[in-house]
Amino acid sequence: MTLHHTATRPGKLLSFLRGELGLSSSLVKRLKWQNALFLDGAPVHTDQKVLPGQEITVLLEEAAPDYPAEDGPLSILYEDEALLALDKPSGLLMHPSFHRNTGTLANFVAGYYVRTGQSCAVHPVSRLDRDTFGVVLLAKNAHIHAALMASHRAGQLFKTYEALTWGVPDPPAGLWEAPIGRKPGQSLLREIQPDGKAAVTRYETLEIRGGAARLRLWPLTGRTHQLRLHCAHAGCPILGDAQYGAAEAQAVSARLGLSGQQLLACALTLPHPV
């Protein structure tokens with residue numbers, strides 16, 4: 001990705017990089033060593049004087065990740081020089097871990113960048129559990145990732161999910177505000193805890209069929225397993241959820257032949273084009 005800016009004031013290049021272009025100090029240090037800074041097409045250092053009308057150019061290229069780049073299926077929903085939006089299937093891990101270094105979405109994305117000649121890294125803006133499917137957004141470089149995560153912290157990035165549940169929430173729309181904490185003795189699972197971290201989900205019921213419901217969910221906070229826990233706590237566990245679903249919901253899932261939890265990340269709304 002290439003950033004361009006035409007100076008409208010005099011000053012040192014560093015002031016434009018940190019101000020108008022919004023680059024972090026750590027990124028500026030890395031770019032200096034990569035010879036990625038140019039003024040009117042000529043390579044320069046951060047102390048270079050800039051005059052009004054001069055063109056500043058910054059090349060944002062990243063090293064390949066330290067895990068294997070692999071060929072694998074990707075369903076691309078949107079792509080530009082800064083972002084990659086994918087439709088992640090159920091059952092696929094987002095990123096390699098200490099225990100597994102291959103066969104994840106990040107491995108496949110790294111392979112896609114190699115095949116298409118893109119000097120990009122894998123920076124997830126949104127993450128999904130292995131068994132959740134739907135839209136995930138990846139930034140192609142650290143600068144765009146930092147900008148989007150700042151928007152996320154400011155409450156300007158909105159995620160929308162849909163879920164099939166066993167049971168109907170009462171009332172049919174509103175807010176769930178049950179706090180969430182780590183389950184004692186478990187490294188990954190969470191539970192509703194009175195002294196847990198604040199967790200807020202807005203919900204509405206879209207459809208009711210028999211004992212099942214289709215819900216639309218908006219996580220207003222980003223706690224681990226938040227939607228699954230809030231649905232279960234409200235008496236309407238997500239169908240196919242083997243960890244937080246009630247026994248009856250799991251029996252219904254098996255009877256219907258559901259192979260994974262019925263939680264879809266259907267939309268991700270950005271505050272403005274990046």
# chains A, B, ... in the order shown; residues from 1 in each chain; ligands from 1
call {"tool": "residues_around", "arguments": {"residues": "Asn141 of chain A", "least_positions_apart": "6", "cutoff": "10 Å", "atoms": "only C-alpha atoms", "output": "VMD selection string"}}
result
chain A and resid 1 60 to 63 81 to 83 119 to 123
call {"tool": "closest_atom_pairs", "arguments": {"of": "segment 51-132 of chain A", "to": "segment 157-162 of chain A", "cutoff": "12 Å", "atoms": "only C-alpha atoms", "output": "CSV"}}
result
residue,atom,partner,partner_atom,distance
A:Val125,CA,A:Leu157,CA,9.8
A:Ser126,CA,A:Lys159,CA,8.7
A:Arg127,CA,A:Lys159,CA,10.8
A:Leu128,CA,A:Tyr161,CA,11.0
A:Thr132,CA,A:Tyr161,CA,10.0
call {"tool": "select_by_dssp", "arguments": {"residues": "segment 117-200 of chain A", "states": "strand (DSSP E)", "output": "list in words"}}
result
His123, Pro124, Phe133, Gly134, Val135, Val136, Leu137, Leu138, Ala139, Phe158, Lys159, Thr160, Tyr161, Glu162, Ala163, Leu164, Thr165, Trp166, Ala173, Gly174, Leu175, Trp176, Ile180, Gly181, Arg182, Arg190, Glu191 and Ile192 of chain A
call {"tool": "select_by_dssp", "arguments": {"residues": "segment 71-266 of chain A", "states": "alpha helix (DSSP H)", "output": "PyMOL selection string"}}
result
chain A and resi 105-115+142-153+226-233+247-256
call {"tool": "closest_residue", "arguments": {"among": "A:Glu177, A:Glu55, A:Glu79, A:Asp66", "to": "Leu3 of chain A", "atoms": "only C-alpha atoms"}}
result
A:Glu55
call {"tool": "closest_atom_pairs", "arguments": {"of": "segment 138-180 of chain A", "to": "segment 247-260 of chain A", "cutoff": "9 Å", "atoms": "only C-alpha atoms", "output": "tab-separated table"}}
result
residue	atom	partner	partner_atom	distance
A:Thr165	CA	A:Ala249	CA	8.0
A:Trp166	CA	A:Ala249	CA	5.6
A:Gly167	CA	A:Ala249	CA	8.5
